[in-house]
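For reference, the structure discussed in these notes is given below.
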2 protein chains.
Amino acid sequence: MIPAGNVDTRFVEEGFINLDPIQAAGRLTPEAMKAVISWGDGYSVCDHCHKPFRLDYVNNPPVADFHEEAAKWLNMDSVMLTPGARRAFQVVTGTLVGKGEPVVMTGMGHYTAYLSVEVVDGIVREIKPTPDHHITAEETANAIEDSIREVGTPKLVFVDAVDFMYGNMHEVKEIAKVAHQYDIPVLYNGVYTVGVLPVDGKKLGVDFIVGSGHKSMAAPAPSGLLAVNEEYADSITRTTKIQGNVTGRKFGIKQVGILGCSLMGDPVVGLIASFPTVKERVNHFDEELANHKIVTDALMSIEGTKVASEYPRRHTLTRMDTTESFNVTAQTHKKRGFFLSSGLAKRGITGIMPGVTKQWKFNTYGLTRPQAEYLADAFLDIAEENNLAIH
Amino acid sequence: MIPAGNVDTRFVEEGFINLDPIQAAGRLTPEAMKAVISWGDGYSVCDHCHKPFRLDYVNNPPVADFHEEAAKWLNMDSVMLTPGARRAFQVVTGTLVGKGEPVVMTGMGHYTAYLSVEVVDGIVREIKPTPDHHITAEETANAIEDSIREVGTPKLVFVDAVDFMYGNMHEVKEIAKVAHQYDIPVLYNGVYTVGVLPVDGKKLGVDFIVGSGHKSMAAPAPSGLLAVNEEYADSITRTTKIQGNVTGRKFGIKQVGILGCSLMGDPVVGLIASFPTVKERVNHFDEELANHKIVTDALMSIEGTKVASEYPRRHTLTRMDTTESFNVTAQTHKKRGFFLSSGLAKRGITGIMPGVTKQWKFNTYGLTRPQAEYLADAFLDIAEENNLAIH
């Protein structure tokens, strides 16, 4: 590896099939990589900033157009950019949730969802996951009712479209219907869907959509977006009203929730540069699932191996259960549980948590058909090497 | 220009001397550029994330070491990273300032300072700038007294080390002494100093130091840092206490103020890669000032031209007043006020606001001696071309 200053050069995507569950759909496109190189200086996006001096009005690079196109693409009324999805959560909770006020959210949520409530001193009221790891409209209604009875009417219902634990898909549309019966707005957490599969805000009937650039839109970190419907645009995208008590200074139309200009530098330019590819790729998610099936089929043919996620798969992020296959091998293997990641590494495959052989996650998003076949064979190879039966 | 996807390739630093006031000290070092190329994928920094699963513990890239070194370098107790300085302001106001509570801040502050108070529904109480555009300890005491009398004891005093309007240097040490007499913590806004000139938190006697990666530490955007002294570490860097009411889930030692892992992707890696250069360059700020003087001397030799900032200069960001020189030319020039930026552009110089000839800002940070001399000559050339007297 060639040192870059005091930082080593990373060597992952160049040499490996990378199955890391959170990295798969965030890999930069060649267009994003070129943009990053060219727009690496942070204030580069401000070269052509004119009145009213706000980043989302800039035309070169085409930041303004991107906002408009992204809103249309998600079938929402407007989009604001954020340095990561968690900052989008924070904009929403910071606007809607006061101290001691409850937010109903999935019990399978990401920690940043919980922290976005904690940072505004709100209260989390979880929706109980079903035994098969789903979040349902029925349990949402229960959580709302419990909240009303115990701590007050929730200010927000926060649901993951696809969760990070199992990659399961949840019935957001039905959940939104329930929430709206109580007049509670709904945040669709699309960090595993926006940029991966088609998302239509109006069809879903949600009030907010959050996407992650570096998780699912082939953009550099930190990048995210918050799509908002008209009804909440006034509050979420409110502009500054503060005024200096001595100088009388005011600050134009800067947005308070996002602290003015939203997302500078190569993250926004990379997001924009990848957007044509991303818009196109969501229409081919069936091909991604077909490739994924090649791998899960191979894994399931190893005796004792199960898919812990919902099945058939509706997402390429999957939790496997190999407690009764690879984990049995691990008990006596000289490398213990590391034999699996090590066996994969020898075959040019990385991204599965080293040492883990009971339940582990992987994501095949973006693999080509030959790569999927190679990966399937690699798992079978490792099973055979370790005398596991294959059916 | 070569198109990169739907984004043009930026062509500024490659072909021009760039005087943009906010861009000068943010230009990437070659080391940062290499790091950006290699670590462009957002979750790349998570490749080697192990227990306790927090970005500031990661050793490859050397994120953990960077935190420690940066704290030492600023002579503060600890450092946390943020996606931009404004997010550091928000962490502090979000922790210390409640609804309706006052913050005393400089009347020459950046809009993000005001918005960081507005976003927590706080109140801004400005320190009146002196007629020569300085913020003084005396006026700070007045602002504190006024605040106590009218709206309550301020929760924070927020001062710029060097302001963005004039590039003037303010007496932060004396201001901190005054604030501490009232037991009010002090935030040193070092977005124009941290990474540019030596900063010593203990000598200054401040409680928080905020720096900007993309403004003054040769790092990609968005990047910033918040250095904290022990006394406030418990509150500012508090870890999560929230717990799922159904699942009982907890979230380890993630920090609430920054919503968990702080700054991912190429911004953090670029920041780290530039750090050795940045640490070294602050020791040579006198050379930067010497180069700057070559340019201001030339400008001041043009009859009617004044430095609007404090003089002699203590920073390379300077506001010029050419109302009685270039602006006189602009009245009759066929290009009106654009003759100046256009004349500079012809000579390979960019970054001054086009069309402005009364008061305008420029920053020579990072120019070599020959570039400074070339720039000085260019201004004189333009003056001569337009028959302005030179002394």
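Following the order of the structure tokens, first chain is A, next is B, and so on, with residues numbered from 1 inside each chain and ligands from 1 in the order they appear.
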Define the interface residues of chain B facing chain A as those within 7 Å, counting only C-alpha atoms, and report them as a ChimeraX atom specification.
/B:4-10,23,26-28,31,34-35,37-43,61,83,107,111-112,115-116,118-119,124-126,128,214,220-222,242,244-247,251,256-257,259-260,264-266,273
Extract the full set of strand (DSSP E) residues from region 60-297 of chain B according to DSSP on the backbone, and format it as a compact mmCIF listing (two decimals) with all heavy atoms, in the first residue's frame.
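Result file follows (part_19.txt):
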# COMPACT_ATOMS: atom_id res chain seq x y z
N SER B 78 -9.91 17.73 25.03
CA SER B 78 -10.37 16.73 24.07
C SER B 78 -10.92 17.41 22.82
O SER B 78 -11.21 18.61 22.83
CB SER B 78 -11.45 15.84 24.69
OG SER B 78 -12.60 16.59 24.95
N VAL B 79 -11.03 16.61 21.78
CA VAL B 79 -11.53 17.12 20.50
C VAL B 79 -12.60 16.18 19.98
O VAL B 79 -12.46 14.97 20.10
CB VAL B 79 -10.36 17.23 19.48
CG1 VAL B 79 -10.86 17.12 18.05
CG2 VAL B 79 -9.60 18.53 19.67
N MET B 80 -13.67 16.74 19.45
CA MET B 80 -14.59 15.92 18.67
C MET B 80 -14.71 16.54 17.28
O MET B 80 -14.54 17.75 17.11
CB MET B 80 -15.96 15.77 19.37
CG MET B 80 -16.83 17.00 19.46
SD MET B 80 -18.18 16.83 20.73
CE MET B 80 -19.08 15.42 20.10
N LEU B 81 -14.98 15.67 16.31
CA LEU B 81 -15.10 16.17 14.94
C LEU B 81 -16.56 16.41 14.60
O LEU B 81 -17.46 15.79 15.19
CB LEU B 81 -14.47 15.18 13.96
CG LEU B 81 -12.98 14.95 14.18
CD1 LEU B 81 -12.42 14.01 13.12
CD2 LEU B 81 -12.22 16.27 14.17
N THR B 82 -16.78 17.30 13.66
CA THR B 82 -18.13 17.65 13.26
C THR B 82 -18.16 17.88 11.75
O THR B 82 -17.13 18.23 11.17
CB THR B 82 -18.59 18.96 13.94
OG1 THR B 82 -17.69 20.01 13.57
CG2 THR B 82 -18.61 18.83 15.45
N PRO B 102 -30.31 33.44 26.74
CA PRO B 102 -29.44 34.31 25.93
C PRO B 102 -28.02 33.80 25.71
O PRO B 102 -27.45 33.12 26.57
CB PRO B 102 -29.40 35.60 26.75
CG PRO B 102 -29.68 35.19 28.15
CD PRO B 102 -30.46 33.90 28.12
N VAL B 103 -27.50 34.14 24.55
CA VAL B 103 -26.09 33.93 24.21
C VAL B 103 -25.52 35.29 23.83
O VAL B 103 -26.10 35.99 23.00
CB VAL B 103 -25.94 32.97 23.02
CG1 VAL B 103 -24.48 32.88 22.57
CG2 VAL B 103 -26.47 31.58 23.38
N VAL B 104 -24.41 35.65 24.45
CA VAL B 104 -23.74 36.89 24.08
C VAL B 104 -22.78 36.58 22.94
O VAL B 104 -21.95 35.66 23.06
CB VAL B 104 -23.00 37.51 25.28
CG1 VAL B 104 -21.95 38.52 24.82
CG2 VAL B 104 -24.00 38.17 26.22
N MET B 105 -22.93 37.30 21.84
CA MET B 105 -22.01 37.03 20.73
C MET B 105 -21.64 38.31 20.00
O MET B 105 -22.34 39.31 20.09
CB MET B 105 -22.58 36.00 19.77
CG MET B 105 -23.84 36.36 19.05
SD MET B 105 -24.11 35.19 17.70
CE MET B 105 -24.16 33.65 18.59
N THR B 106 -20.54 38.22 19.29
CA THR B 106 -20.05 39.38 18.57
C THR B 106 -21.03 39.85 17.50
O THR B 106 -21.63 39.03 16.80
CB THR B 106 -18.69 39.08 17.91
OG1 THR B 106 -18.61 39.75 16.66
CG2 THR B 106 -18.48 37.60 17.70
N ILE B 123 -31.74 33.24 22.46
CA ILE B 123 -31.78 34.67 22.17
C ILE B 123 -30.35 35.16 21.95
O ILE B 123 -29.46 34.82 22.72
CB ILE B 123 -32.38 35.47 23.35
CG1 ILE B 123 -33.83 35.05 23.58
CG2 ILE B 123 -32.28 36.97 23.12
CD1 ILE B 123 -34.43 35.68 24.83
N VAL B 124 -30.15 35.97 20.92
CA VAL B 124 -28.83 36.53 20.67
C VAL B 124 -28.74 37.92 21.30
O VAL B 124 -29.63 38.75 21.13
CB VAL B 124 -28.56 36.62 19.15
CG1 VAL B 124 -27.48 37.64 18.86
CG2 VAL B 124 -28.16 35.27 18.61
N ARG B 125 -27.68 38.12 22.06
CA ARG B 125 -27.39 39.45 22.61
C ARG B 125 -26.01 39.85 22.10
O ARG B 125 -25.00 39.27 22.48
CB ARG B 125 -27.38 39.38 24.15
CG ARG B 125 -28.71 38.94 24.73
CD ARG B 125 -29.78 39.99 24.58
NE ARG B 125 -29.40 41.23 25.21
CZ ARG B 125 -30.22 42.25 25.45
NH1 ARG B 125 -31.49 42.18 25.06
NH2 ARG B 125 -29.80 43.33 26.03
N GLU B 126 -26.00 40.84 21.24
CA GLU B 126 -24.75 41.18 20.56
C GLU B 126 -23.81 42.05 21.39
O GLU B 126 -24.25 42.92 22.15
CB GLU B 126 -25.06 41.92 19.26
CG GLU B 126 -25.75 41.06 18.23
CD GLU B 126 -26.10 41.85 16.99
OE1 GLU B 126 -26.61 42.97 17.12
OE2 GLU B 126 -25.83 41.35 15.88
N ILE B 127 -22.53 41.81 21.19
CA ILE B 127 -21.49 42.72 21.69
C ILE B 127 -21.31 43.79 20.62
O ILE B 127 -21.08 43.48 19.45
CB ILE B 127 -20.15 41.99 21.90
CG1 ILE B 127 -20.34 40.74 22.76
CG2 ILE B 127 -19.11 42.94 22.49
CD1 ILE B 127 -19.16 39.78 22.72
N LEU B 156 -23.65 31.49 27.39
CA LEU B 156 -22.45 31.30 26.57
C LEU B 156 -22.02 32.66 26.03
O LEU B 156 -22.86 33.49 25.71
CB LEU B 156 -22.80 30.37 25.39
CG LEU B 156 -21.73 30.05 24.36
CD1 LEU B 156 -20.62 29.19 24.97
CD2 LEU B 156 -22.34 29.32 23.16
N VAL B 157 -20.69 32.84 25.97
CA VAL B 157 -20.15 33.98 25.22
C VAL B 157 -19.42 33.40 24.00
O VAL B 157 -18.59 32.51 24.13
CB VAL B 157 -19.20 34.83 26.08
CG1 VAL B 157 -18.42 35.83 25.20
CG2 VAL B 157 -19.98 35.59 27.15
N PHE B 158 -19.79 33.91 22.85
CA PHE B 158 -19.37 33.34 21.57
C PHE B 158 -18.57 34.42 20.83
O PHE B 158 -19.14 35.44 20.44
CB PHE B 158 -20.64 32.98 20.79
CG PHE B 158 -20.47 32.22 19.52
CD1 PHE B 158 -21.18 31.05 19.31
CD2 PHE B 158 -19.64 32.67 18.51
CE1 PHE B 158 -21.06 30.33 18.14
CE2 PHE B 158 -19.51 31.97 17.34
CZ PHE B 158 -20.22 30.80 17.15
N VAL B 159 -17.26 34.24 20.70
CA VAL B 159 -16.45 35.27 20.04
C VAL B 159 -15.62 34.72 18.90
O VAL B 159 -15.11 33.60 18.96
CB VAL B 159 -15.48 35.96 21.04
CG1 VAL B 159 -16.20 37.05 21.80
CG2 VAL B 159 -14.82 34.97 21.96
N ASP B 160 -15.49 35.53 17.87
CA ASP B 160 -14.61 35.18 16.75
C ASP B 160 -13.20 35.64 17.08
O ASP B 160 -13.00 36.78 17.50
CB ASP B 160 -15.05 35.90 15.47
CG ASP B 160 -16.48 35.56 15.09
OD1 ASP B 160 -16.97 34.50 15.52
OD2 ASP B 160 -17.10 36.37 14.38
N VAL B 186 -16.89 30.26 27.43
CA VAL B 186 -16.52 31.03 26.25
C VAL B 186 -16.18 30.11 25.08
O VAL B 186 -15.37 29.19 25.21
CB VAL B 186 -15.29 31.92 26.56
CG1 VAL B 186 -14.82 32.66 25.30
CG2 VAL B 186 -15.64 32.91 27.67
N LEU B 187 -16.82 30.37 23.96
CA LEU B 187 -16.52 29.66 22.72
C LEU B 187 -15.64 30.54 21.84
O LEU B 187 -16.03 31.66 21.51
CB LEU B 187 -17.81 29.29 21.99
CG LEU B 187 -17.68 28.42 20.74
CD1 LEU B 187 -18.98 27.64 20.51
CD2 LEU B 187 -17.33 29.19 19.48
N TYR B 188 -14.48 30.02 21.52
CA TYR B 188 -13.53 30.69 20.62
C TYR B 188 -13.80 30.18 19.21
O TYR B 188 -13.59 29.01 18.93
CB TYR B 188 -12.12 30.34 21.08
CG TYR B 188 -10.97 30.72 20.16
CD1 TYR B 188 -10.20 31.85 20.41
CD2 TYR B 188 -10.61 29.91 19.07
CE1 TYR B 188 -9.11 32.17 19.61
CE2 TYR B 188 -9.53 30.24 18.26
CZ TYR B 188 -8.79 31.37 18.53
OH TYR B 188 -7.70 31.69 17.74
N ASN B 189 -14.31 31.04 18.37
CA ASN B 189 -14.57 30.65 16.99
C ASN B 189 -13.30 30.85 16.17
O ASN B 189 -12.96 31.98 15.81
CB ASN B 189 -15.73 31.48 16.42
CG ASN B 189 -16.00 31.13 14.97
OD1 ASN B 189 -15.43 30.17 14.44
ND2 ASN B 189 -16.87 31.89 14.34
N PHE B 208 -14.21 26.39 24.82
CA PHE B 208 -14.42 25.66 23.57
C PHE B 208 -13.64 26.35 22.46
O PHE B 208 -13.59 27.58 22.40
CB PHE B 208 -15.90 25.66 23.17
CG PHE B 208 -16.82 25.30 24.29
CD1 PHE B 208 -17.65 26.26 24.86
CD2 PHE B 208 -16.85 24.01 24.78
CE1 PHE B 208 -18.49 25.94 25.91
CE2 PHE B 208 -17.70 23.67 25.83
CZ PHE B 208 -18.52 24.64 26.40
N ILE B 209 -13.06 25.53 21.59
CA ILE B 209 -12.46 26.06 20.37
C ILE B 209 -13.11 25.37 19.19
O ILE B 209 -13.21 24.13 19.16
CB ILE B 209 -10.93 25.81 20.34
CG1 ILE B 209 -10.24 26.68 21.39
CG2 ILE B 209 -10.37 26.10 18.95
CD1 ILE B 209 -8.73 26.47 21.46
N VAL B 210 -13.58 26.15 18.25
CA VAL B 210 -14.15 25.58 17.04
C VAL B 210 -13.25 25.90 15.86
O VAL B 210 -12.81 27.05 15.70
CB VAL B 210 -15.57 26.13 16.78
CG1 VAL B 210 -16.10 25.64 15.42
CG2 VAL B 210 -16.52 25.70 17.90
N GLY B 211 -12.93 24.88 15.08
CA GLY B 211 -12.15 25.08 13.87
C GLY B 211 -12.90 24.54 12.67
O GLY B 211 -13.79 23.69 12.81
N SER B 212 -12.54 25.03 11.49
CA SER B 212 -13.17 24.55 10.27
C SER B 212 -12.15 23.84 9.40
O SER B 212 -11.13 24.42 9.05
CB SER B 212 -13.77 25.72 9.49
OG SER B 212 -14.11 25.30 8.18
N GLY B 224 -15.15 19.93 10.51
CA GLY B 224 -14.87 20.90 11.55
C GLY B 224 -14.48 20.18 12.81
O GLY B 224 -14.54 18.95 12.88
N LEU B 225 -14.03 20.93 13.79
CA LEU B 225 -13.71 20.30 15.06
C LEU B 225 -14.15 21.18 16.22
O LEU B 225 -14.25 22.40 16.09
CB LEU B 225 -12.23 19.94 15.16
CG LEU B 225 -11.15 21.02 15.11
CD1 LEU B 225 -11.04 21.77 16.43
CD2 LEU B 225 -9.81 20.36 14.81
N LEU B 226 -14.42 20.51 17.31
CA LEU B 226 -14.81 21.18 18.54
C LEU B 226 -13.88 20.68 19.64
O LEU B 226 -13.91 19.50 19.99
CB LEU B 226 -16.26 20.83 18.88
CG LEU B 226 -16.79 21.26 20.26
CD1 LEU B 226 -16.70 22.77 20.45
CD2 LEU B 226 -18.23 20.79 20.44
N ALA B 227 -13.04 21.57 20.14
CA ALA B 227 -12.15 21.22 21.25
C ALA B 227 -12.79 21.71 22.54
O ALA B 227 -13.35 22.81 22.59
CB ALA B 227 -10.78 21.85 21.05
N VAL B 228 -12.71 20.87 23.56
CA VAL B 228 -13.46 21.13 24.79
C VAL B 228 -12.53 20.97 25.98
O VAL B 228 -11.66 20.10 25.99
CB VAL B 228 -14.62 20.11 24.93
CG1 VAL B 228 -15.47 20.43 26.15
CG2 VAL B 228 -15.47 20.08 23.68
Mind listing the helix (DSSP H, G or I) residues of region 10-207 of chain B, per DSSP on the backbone, as a PyMOL selection string?
chain B and resi 30-38+42-46+55-57+63-73+85-96+111-118+137-150+172-181+201-204
Using only C-alpha atoms, find the one residue out of A:Met320, A:Ile175, A:Ala383, A:Ala389 that sits nearest to Val356 (chain A).
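Smallest separation from Val356 (chain A) among the options: A:Met320.
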Atomic distance CA of Leu299 (chain A) - CA of Glu14 (chain A), expressed in Å with one decimal
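CA of Glu14 (chain A) lies 25.3 Å from CA of Leu299 (chain A).
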Given only C-alpha atoms as the basis, pick out the residue of B:Ile253, B:Val282, B:Ile390, B:Ile382 nearest to Arg54 (chain B).
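The closest residue to Arg54 (chain B) is B:Ile253.
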Nearest residue to Lys202 (chain A) from the set A:Glu288, A:Asp377, A:Glu385, A:Asp77 (distances using only C-alpha atoms):
A:Asp77
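For Ser216 (chain B), the set of protein, DNA and RNA residues having any atom at most 8 Å away, when counting only C-alpha atoms and skipping those fewer than 6 positions along the same chain, is B:Ala24, B:Ala25, B:Gly26, B:Val191, B:Tyr192, B:Thr193, B:Val194, B:Gly195, B:Val196.
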Pairwise distance for CA of Glu324 (chain B) and CA of Asn386 (chain B), rounded to one decimal in Å:
13.1 Å
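Across B:Leu388, B:Val199, B:Met217, B:Ile236, the tightest approach to Asn283 (chain B) is made by B:Val199 when counting only C-alpha atoms.
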Pick from A:Phe16, A:Ser341, A:Val178, A:Lys361: nearest to Tyr374 (chain A), with only C-alpha atoms counted?
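Using only C-alpha atoms, Tyr374 (chain A) sits closest to A:Phe16.
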Quick one, how far is CA of Thr364 (chain B) from CA of Pro52 (chain A)?
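CA of Pro52 (chain A) lies at a distance of 26.6 Å from CA of Thr364 (chain B).
Using only C-alpha atoms for every distance, the candidate list A:Glu171, A:Asp146, A:Asp163, A:Asp207 yields A:Asp207 as the residue closest to Asp183 (chain A).
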